[in-house]
Amino acid sequence: MGWLQDTNHSPAVVAFLRRARRALPGDPEFGDPLSVAGVGGPRAAARAADRLLEREVATREVSLGALQVWQALTERVSGKPANPEVTLVFTDLVGFSGWSLAAGDEATLRLLRRVSQVVEPPLLEAGGHIVKRMGDGIMAVFSEPVTAVRAAIAAREAVRGIDVEGFTPRMRVGVHTGRPQRIGADWLGIDVNIAARVMERATRGELVVSAPTLERIPDEDFESLGVTARRLRRQVFAAKQDGVPADLAMYRLRTRRQLPGVEDDDGGTAGA
């Protein structure tokens with residue numbers, strides 16, 4: 001028993017098993033907080049193992065290695081690629097920080113609840129998955145670009161009907177299509193950063209999509225969205241956006257159903 005105890009706590013044995021895990025199928029880092037977030041039997045077992053098993057011991061690495069293989073086989077049997085192409089949607093409320101500072105916590109919470117009540121249903125009903133809620137914003141993932149854009153349009157329209165103490169928020173949305181890395185319940189990588197930067201270009205409560213998203217929407221589907229696309233000019237005097245390819249084109253989408261005399265997303269008059 002003493003020999004087993006010493007072997008179990010041997011740094012050399014633990015290091016050997018960690019190297020061996022890299023030869024096994026799946027994520028060799030399986031067991032860290034990012035990899036075990038979300039649903040699924042292997043992830044739930046790994047969370048339990050993290051609570052029960054002692055750290056820096058051989059038995060922990062053996063257990064996580066087995067769960068790592070189990071998770072890899074589960075994904076392989078499901079037939080889903082490791083990094084499928086998805087469309088990312090980021091939302092944010094324009095002018096929220098300044099308004100909330102003056103309005104106070106009670107009104108701010110009431111606004112956020114109303115926004116959540118009207119924004120999330122269109123996203124979920126369209127098959128989107130809400131990855132995270134970030135104060136006054138949301139990150140969601142869709143399998144199809146046209147579905148993501150249609151849901152974003154519906155969500156923005158719904159926000160226009162909100163009024164909390166005389167404040168009607170405007171929601172800006174950025175949409176980008178790529179192959180981010182899925183780790184547990186989260187999505188990480190360059191394409192996630194790009195999607196967030198695309199949203200930042202929707203400065204006045206607009207809907208902006210990247211060229212990869214627009215290119216993947218067939219003409220007939222785009223026509224059914226009831227919008228027009230206008231390419232954004234490069235910001236000559238603004239600071240360069242970090243994390244965005246220099247040649248990435250972005251497009252502002254405007255609804256064609258606006259009535260004459262109604263302000264569009266640029267603050268101008270539709271039909272003028």
# chains A, B, ... in the order shown; residues from 1 in each chain; ligands from 1
>>> residues_around(residues="A:Pro84", least_positions_apart="6", cutoff="12 Å", atoms="only C-alpha atoms", output="PyMOL selection string")
chain A and resi 141-144+177-182+187
>>> residues_around(residues="A:Gln5", least_positions_apart="3", cutoff="12 Å", atoms="only C-alpha atoms", output="PyMOL selection string")
chain A and resi 1-2+8-10+13+57-59
>>> select_by_dssp(residues="stretch 73-184 of chain A", states="strand (DSSP E or B)", output="MDAnalysis selection string")
chainID A and resid 86:94 129:134 137:142 164 167 170:178 181:183
>>> closest_residue(among="A:Val164, A:Lys132, A:Met139, A:Trp70", to="A:Ala103", atoms="only C-alpha atoms")
A:Val164
>>> closest_residue(among="A:Gln71, A:Ser210, A:Thr203, A:Thr7", to="A:Asp92", atoms="only C-alpha atoms")
A:Thr203
>>> residues_around(residues="A:Phe167", least_positions_apart="4", cutoff="10 Å", atoms="only C-alpha atoms", output="ChimeraX atom specification")
/A:96,99,103,111,162-163
>>> write_last_selection(atoms="all heavy atoms", output="PDB file, in the first residue's frame")
ATOM      1  N   PHE A  96     -26.678  52.176 -23.221  1.00  0.00           N
ATOM      2  CA  PHE A  96     -27.176  51.543 -22.004  1.00  0.00           C
ATOM      3  C   PHE A  96     -26.409  52.000 -20.762  1.00  0.00           C
ATOM      4  O   PHE A  96     -27.012  52.304 -19.730  1.00  0.00           O
ATOM      5  CB  PHE A  96     -27.082  50.024 -22.134  1.00  0.00           C
ATOM      6  CG  PHE A  96     -27.359  49.280 -20.863  1.00  0.00           C
ATOM      7  CD1 PHE A  96     -28.655  49.090 -20.419  1.00  0.00           C
ATOM      8  CD2 PHE A  96     -26.319  48.780 -20.088  1.00  0.00           C
ATOM      9  CE1 PHE A  96     -28.919  48.422 -19.231  1.00  0.00           C
ATOM     10  CE2 PHE A  96     -26.565  48.097 -18.908  1.00  0.00           C
ATOM     11  CZ  PHE A  96     -27.873  47.923 -18.481  1.00  0.00           C
ATOM     12  N   TRP A  99     -27.388  55.520 -19.606  1.00  0.00           N
ATOM     13  CA  TRP A  99     -28.768  55.557 -19.091  1.00  0.00           C
ATOM     14  C   TRP A  99     -28.868  54.863 -17.740  1.00  0.00           C
ATOM     15  O   TRP A  99     -29.511  55.377 -16.822  1.00  0.00           O
ATOM     16  CB  TRP A  99     -29.711  54.885 -20.087  1.00  0.00           C
ATOM     17  CG  TRP A  99     -31.115  54.785 -19.553  1.00  0.00           C
ATOM     18  CD1 TRP A  99     -32.078  55.750 -19.590  1.00  0.00           C
ATOM     19  CD2 TRP A  99     -31.690  53.658 -18.879  1.00  0.00           C
ATOM     20  NE1 TRP A  99     -33.223  55.300 -18.980  1.00  0.00           N
ATOM     21  CE2 TRP A  99     -33.016  54.017 -18.535  1.00  0.00           C
ATOM     22  CE3 TRP A  99     -31.226  52.396 -18.545  1.00  0.00           C
ATOM     23  CZ2 TRP A  99     -33.873  53.152 -17.861  1.00  0.00           C
ATOM     24  CZ3 TRP A  99     -32.079  51.526 -17.878  1.00  0.00           C
ATOM     25  CH2 TRP A  99     -33.376  51.902 -17.549  1.00  0.00           C
ATOM     26  N   ALA A 103     -30.455  56.097 -14.282  1.00  0.00           N
ATOM     27  CA  ALA A 103     -31.735  55.481 -13.943  1.00  0.00           C
ATOM     28  C   ALA A 103     -31.695  54.696 -12.642  1.00  0.00           C
ATOM     29  O   ALA A 103     -32.712  54.552 -11.961  1.00  0.00           O
ATOM     30  CB  ALA A 103     -32.194  54.575 -15.081  1.00  0.00           C
ATOM     31  N   LEU A 111     -35.329  46.984 -17.162  1.00  0.00           N
ATOM     32  CA  LEU A 111     -35.055  47.074 -18.599  1.00  0.00           C
ATOM     33  C   LEU A 111     -34.430  45.792 -19.116  1.00  0.00           C
ATOM     34  O   LEU A 111     -34.842  45.262 -20.159  1.00  0.00           O
ATOM     35  CB  LEU A 111     -34.131  48.259 -18.880  1.00  0.00           C
ATOM     36  CG  LEU A 111     -33.646  48.373 -20.330  1.00  0.00           C
ATOM     37  CD1 LEU A 111     -34.798  48.759 -21.245  1.00  0.00           C
ATOM     38  CD2 LEU A 111     -32.506  49.371 -20.457  1.00  0.00           C
ATOM     39  N   ILE A 162     -40.024  48.443 -26.553  1.00  0.00           N
ATOM     40  CA  ILE A 162     -39.778  48.533 -25.106  1.00  0.00           C
ATOM     41  C   ILE A 162     -39.702  49.997 -24.668  1.00  0.00           C
ATOM     42  O   ILE A 162     -39.118  50.832 -25.355  1.00  0.00           O
ATOM     43  CB  ILE A 162     -38.465  47.811 -24.742  1.00  0.00           C
ATOM     44  CG1 ILE A 162     -38.588  46.299 -25.006  1.00  0.00           C
ATOM     45  CG2 ILE A 162     -38.099  48.056 -23.278  1.00  0.00           C
ATOM     46  CD1 ILE A 162     -37.312  45.545 -24.749  1.00  0.00           C
ATOM     47  N   ASP A 163     -40.303  50.279 -23.522  1.00  0.00           N
ATOM     48  CA  ASP A 163     -40.197  51.605 -22.932  1.00  0.00           C
ATOM     49  C   ASP A 163     -40.111  51.444 -21.426  1.00  0.00           C
ATOM     50  O   ASP A 163     -41.034  50.932 -20.794  1.00  0.00           O
ATOM     51  CB  ASP A 163     -41.410  52.464 -23.302  1.00  0.00           C
ATOM     52  CG  ASP A 163     -41.263  53.901 -22.803  1.00  0.00           C
ATOM     53  OD1 ASP A 163     -41.205  54.090 -21.569  1.00  0.00           O
ATOM     54  OD2 ASP A 163     -41.214  54.827 -23.625  1.00  0.00           O
TER      55      ASP A 163
END
>>> residues_around(residues="A:Pro11", least_positions_apart="3", cutoff="8 Å", atoms="only C-alpha atoms", output="PyMOL selection string")
chain A and resi 14-15+56-57
>>> write_last_selection(atoms="all heavy atoms", output="PDB file, in the first residue's frame")
ATOM      1  N   VAL A  14       2.944  11.022 -12.794  1.00  0.00           N
ATOM      2  CA  VAL A  14       1.889  11.947 -13.216  1.00  0.00           C
ATOM      3  C   VAL A  14       2.267  12.613 -14.539  1.00  0.00           C
ATOM      4  O   VAL A  14       1.445  12.723 -15.452  1.00  0.00           O
ATOM      5  CB  VAL A  14       1.639  13.004 -12.121  1.00  0.00           C
ATOM      6  CG1 VAL A  14       0.680  14.084 -12.623  1.00  0.00           C
ATOM      7  CG2 VAL A  14       1.070  12.348 -10.867  1.00  0.00           C
ATOM      8  N   ALA A  15       3.517  13.042 -14.663  1.00  0.00           N
ATOM      9  CA  ALA A  15       3.974  13.675 -15.904  1.00  0.00           C
ATOM     10  C   ALA A  15       3.922  12.700 -17.071  1.00  0.00           C
ATOM     11  O   ALA A  15       3.540  13.067 -18.192  1.00  0.00           O
ATOM     12  CB  ALA A  15       5.394  14.210 -15.718  1.00  0.00           C
ATOM     13  N   GLU A  56      -2.892  16.325  -8.768  1.00  0.00           N
ATOM     14  CA  GLU A  56      -1.485  15.946  -8.905  1.00  0.00           C
ATOM     15  C   GLU A  56      -1.232  14.519  -8.456  1.00  0.00           C
ATOM     16  O   GLU A  56      -0.248  14.221  -7.782  1.00  0.00           O
ATOM     17  CB  GLU A  56      -0.583  16.912  -8.118  1.00  0.00           C
ATOM     18  CG  GLU A  56      -0.700  18.361  -8.553  1.00  0.00           C
ATOM     19  CD  GLU A  56      -0.308  18.557 -10.010  1.00  0.00           C
ATOM     20  OE1 GLU A  56       0.591  17.829 -10.505  1.00  0.00           O
ATOM     21  OE2 GLU A  56      -0.916  19.422 -10.664  1.00  0.00           O
ATOM     22  N   VAL A  57      -2.163  13.608  -8.858  1.00  0.00           N
ATOM     23  CA  VAL A  57      -1.966  12.181  -8.579  1.00  0.00           C
ATOM     24  C   VAL A  57      -2.229  11.396  -9.852  1.00  0.00           C
ATOM     25  O   VAL A  57      -2.933  11.855 -10.756  1.00  0.00           O
ATOM     26  CB  VAL A  57      -2.899  11.687  -7.445  1.00  0.00           C
ATOM     27  CG1 VAL A  57      -2.542  12.345  -6.118  1.00  0.00           C
ATOM     28  CG2 VAL A  57      -4.363  11.928  -7.795  1.00  0.00           C
TER      29      VAL A  57
END
>>> select_by_dssp(residues="stretch 109-159 of chain A", states="helix (DSSP H, G or I)", output="JSON, numbers by chain")
{"A": [109, 110, 111, 112, 113, 114, 115, 116, 117, 118, 119, 120, 121, 122, 123, 124, 125, 145, 146, 147, 148, 149, 150, 151, 152, 153, 154, 155, 156, 157, 158, 159]}
>>> closest_residue(among="A:Thr168, A:Arg197, A:Ile183, A:Arg133", to="A:Glu29", atoms="only C-alpha atoms")
A:Ile183
>>> closest_residue(among="A:Val89, A:Ala195, A:Leu112, A:Val69", to="A:Ile138", atoms="only C-alpha atoms")
A:Val89
>>> residues_around(residues="A:Met171", least_positions_apart="3", cutoff="10 Å", atoms="only C-alpha atoms", output="short mmCIF file (atom, residue, chain, number, x, y, z; two decimals) with all heavy atoms, in the first residue's frame")
data_model
loop_
_atom_site.label_atom_id
_atom_site.label_comp_id
_atom_site.auth_asym_id
_atom_site.auth_seq_id
_atom_site.Cartn_x
_atom_site.Cartn_y
_atom_site.Cartn_z
N THR A 91 -25.09 40.80 -29.59
CA THR A 91 -25.98 41.94 -29.43
C THR A 91 -25.50 42.83 -28.30
O THR A 91 -24.76 42.39 -27.41
CB THR A 91 -27.43 41.49 -29.13
OG1 THR A 91 -27.50 41.02 -27.76
CG2 THR A 91 -27.87 40.37 -30.07
N ASP A 92 -25.96 44.08 -28.35
CA ASP A 92 -25.57 45.05 -27.33
C ASP A 92 -26.56 46.20 -27.39
O ASP A 92 -27.10 46.51 -28.47
CB ASP A 92 -24.14 45.54 -27.61
CG ASP A 92 -23.63 46.47 -26.52
OD1 ASP A 92 -23.87 46.16 -25.34
OD2 ASP A 92 -23.00 47.48 -26.85
N LEU A 93 -26.82 46.85 -26.27
CA LEU A 93 -27.73 47.99 -26.23
C LEU A 93 -26.94 49.28 -26.34
O LEU A 93 -25.99 49.51 -25.57
CB LEU A 93 -28.55 47.98 -24.94
CG LEU A 93 -29.47 46.78 -24.71
CD1 LEU A 93 -30.24 46.94 -23.41
CD2 LEU A 93 -30.42 46.58 -25.88
N VAL A 94 -27.33 50.14 -27.27
CA VAL A 94 -26.67 51.42 -27.47
C VAL A 94 -27.08 52.39 -26.37
O VAL A 94 -28.27 52.54 -26.07
CB VAL A 94 -27.03 52.01 -28.84
CG1 VAL A 94 -26.39 53.38 -29.03
CG2 VAL A 94 -26.59 51.06 -29.95
N GLY A 95 -26.10 53.04 -25.75
CA GLY A 95 -26.38 54.04 -24.73
C GLY A 95 -26.83 53.48 -23.40
O GLY A 95 -27.30 54.23 -22.53
N PHE A 96 -26.68 52.18 -23.22
CA PHE A 96 -27.18 51.54 -22.00
C PHE A 96 -26.41 52.00 -20.76
O PHE A 96 -27.01 52.30 -19.73
CB PHE A 96 -27.08 50.02 -22.13
CG PHE A 96 -27.36 49.28 -20.86
CD1 PHE A 96 -28.65 49.09 -20.42
CD2 PHE A 96 -26.32 48.78 -20.09
CE1 PHE A 96 -28.92 48.42 -19.23
CE2 PHE A 96 -26.57 48.10 -18.91
CZ PHE A 96 -27.87 47.92 -18.48
N VAL A 115 -35.87 43.38 -22.03
CA VAL A 115 -35.09 43.08 -23.23
C VAL A 115 -34.92 41.57 -23.40
O VAL A 115 -35.09 41.03 -24.50
CB VAL A 115 -33.71 43.78 -23.16
CG1 VAL A 115 -32.80 43.28 -24.28
CG2 VAL A 115 -33.88 45.29 -23.25
N VAL A 119 -36.09 39.58 -26.70
CA VAL A 119 -34.98 39.25 -27.60
C VAL A 119 -34.73 37.75 -27.67
O VAL A 119 -34.51 37.20 -28.76
CB VAL A 119 -33.69 39.98 -27.15
CG1 VAL A 119 -32.47 39.43 -27.87
CG2 VAL A 119 -33.82 41.47 -27.40
N ASP A 136 -25.92 43.66 -20.82
CA ASP A 136 -26.94 44.12 -21.77
C ASP A 136 -26.77 43.48 -23.14
O ASP A 136 -27.38 43.92 -24.10
CB ASP A 136 -26.89 45.64 -21.90
CG ASP A 136 -25.53 46.14 -22.41
OD1 ASP A 136 -24.51 45.56 -22.00
OD2 ASP A 136 -25.49 47.09 -23.19
N GLY A 137 -25.96 42.43 -23.24
CA GLY A 137 -25.73 41.79 -24.52
C GLY A 137 -25.86 40.28 -24.45
O GLY A 137 -25.94 39.68 -23.38
N ALA A 152 -32.13 37.78 -35.88
CA ALA A 152 -31.60 39.06 -35.42
C ALA A 152 -32.52 40.21 -35.81
O ALA A 152 -32.74 41.15 -35.02
CB ALA A 152 -30.20 39.28 -35.98
N ALA A 155 -35.50 40.13 -33.48
CA ALA A 155 -35.14 40.57 -32.14
C ALA A 155 -35.00 42.09 -32.07
O ALA A 155 -35.46 42.73 -31.11
CB ALA A 155 -33.85 39.89 -31.69
N ARG A 156 -34.38 42.68 -33.08
CA ARG A 156 -34.22 44.14 -33.09
C ARG A 156 -35.56 44.84 -33.19
O ARG A 156 -35.80 45.87 -32.56
CB ARG A 156 -33.32 44.57 -34.25
CG ARG A 156 -31.85 44.19 -34.06
CD ARG A 156 -31.00 44.67 -35.22
NE ARG A 156 -30.87 46.11 -35.24
CZ ARG A 156 -31.38 46.90 -36.16
NH1 ARG A 156 -32.08 46.39 -37.16
NH2 ARG A 156 -31.20 48.21 -36.12
N GLU A 157 -36.47 44.30 -33.99
CA GLU A 157 -37.79 44.89 -34.10
C GLU A 157 -38.53 44.82 -32.77
O GLU A 157 -39.25 45.74 -32.39
CB GLU A 157 -38.59 44.17 -35.19
CG GLU A 157 -38.11 44.45 -36.60
CD GLU A 157 -38.27 45.92 -36.97
OE1 GLU A 157 -39.27 46.54 -36.55
OE2 GLU A 157 -37.40 46.46 -37.67
N ALA A 158 -38.36 43.71 -32.06
CA ALA A 158 -39.05 43.54 -30.78
C ALA A 158 -38.55 44.56 -29.75
O ALA A 158 -39.34 45.05 -28.92
CB ALA A 158 -38.85 42.11 -30.26
N VAL A 159 -37.27 44.88 -29.77
CA VAL A 159 -36.70 45.83 -28.82
C VAL A 159 -37.29 47.22 -29.01
O VAL A 159 -37.41 48.00 -28.05
CB VAL A 159 -35.17 45.85 -28.94
CG1 VAL A 159 -34.57 47.01 -28.14
CG2 VAL A 159 -34.58 44.54 -28.45
N ARG A 160 -37.67 47.55 -30.23
CA ARG A 160 -38.21 48.89 -30.50
C ARG A 160 -39.49 49.17 -29.72
O ARG A 160 -39.86 50.33 -29.53
CB ARG A 160 -38.50 49.04 -32.00
CG ARG A 160 -37.26 48.99 -32.89
CD ARG A 160 -37.66 49.06 -34.36
NE ARG A 160 -36.55 48.83 -35.25
CZ ARG A 160 -35.76 49.79 -35.73
NH1 ARG A 160 -35.98 51.05 -35.36
NH2 ARG A 160 -34.78 49.51 -36.56
N THR A 168 -36.30 54.07 -24.59
CA THR A 168 -36.47 52.97 -25.56
C THR A 168 -35.10 52.60 -26.10
O THR A 168 -34.49 53.40 -26.83
CB THR A 168 -37.40 53.37 -26.71
OG1 THR A 168 -38.70 53.66 -26.20
CG2 THR A 168 -37.51 52.23 -27.72
N ALA A 202 -21.53 48.39 -35.63
CA ALA A 202 -22.94 48.81 -35.63
C ALA A 202 -23.12 49.86 -34.55
O ALA A 202 -23.84 49.65 -33.56
CB ALA A 202 -23.84 47.60 -35.40
N THR A 203 -22.50 50.99 -34.73
CA THR A 203 -22.35 51.95 -33.64
C THR A 203 -23.67 52.57 -33.19
O THR A 203 -23.80 52.95 -32.03
CB THR A 203 -21.40 53.08 -34.07
OG1 THR A 203 -21.87 53.64 -35.31
CG2 THR A 203 -19.99 52.53 -34.26
N ARG A 204 -24.65 52.71 -34.08
CA ARG A 204 -25.87 53.45 -33.72
C ARG A 204 -27.11 52.55 -33.69
O ARG A 204 -28.21 52.98 -34.03
CB ARG A 204 -26.07 54.60 -34.71
CG ARG A 204 -25.06 55.72 -34.51
CD ARG A 204 -25.12 56.74 -35.61
NE ARG A 204 -24.56 56.23 -36.86
CZ ARG A 204 -24.35 56.99 -37.94
NH1 ARG A 204 -24.69 58.26 -37.92
NH2 ARG A 204 -23.83 56.48 -39.04
N GLY A 205 -26.92 51.33 -33.29
CA GLY A 205 -28.07 50.43 -33.21
C GLY A 205 -28.42 49.81 -34.53
O GLY A 205 -29.61 49.68 -34.88
N GLU A 206 -27.43 49.39 -35.28
CA GLU A 206 -27.65 48.82 -36.60
C GLU A 206 -27.44 47.31 -36.59
O GLU A 206 -27.07 46.74 -35.57
CB GLU A 206 -26.68 49.48 -37.60
CG GLU A 206 -26.80 50.98 -37.65
CD GLU A 206 -25.46 51.67 -37.85
OE1 GLU A 206 -24.42 51.03 -37.66
OE2 GLU A 206 -25.47 52.87 -38.16
N LEU A 207 -27.68 46.71 -37.72
CA LEU A 207 -27.41 45.30 -37.94
C LEU A 207 -26.31 45.19 -38.98
O LEU A 207 -26.50 45.59 -40.14
CB LEU A 207 -28.67 44.56 -38.41
CG LEU A 207 -28.50 43.12 -38.90
CD1 LEU A 207 -27.86 42.24 -37.82
CD2 LEU A 207 -29.83 42.54 -39.34
#
>>> atom_distance(atom1="atom CA of A:Asp27", atom2="atom CA of A:Leu52")
21.0 Å
>>> closest_residue(among="A:Val227, A:Arg113, A:Leu88, A:Arg170", to="A:Val192", atoms="only C-alpha atoms")
A:Leu88
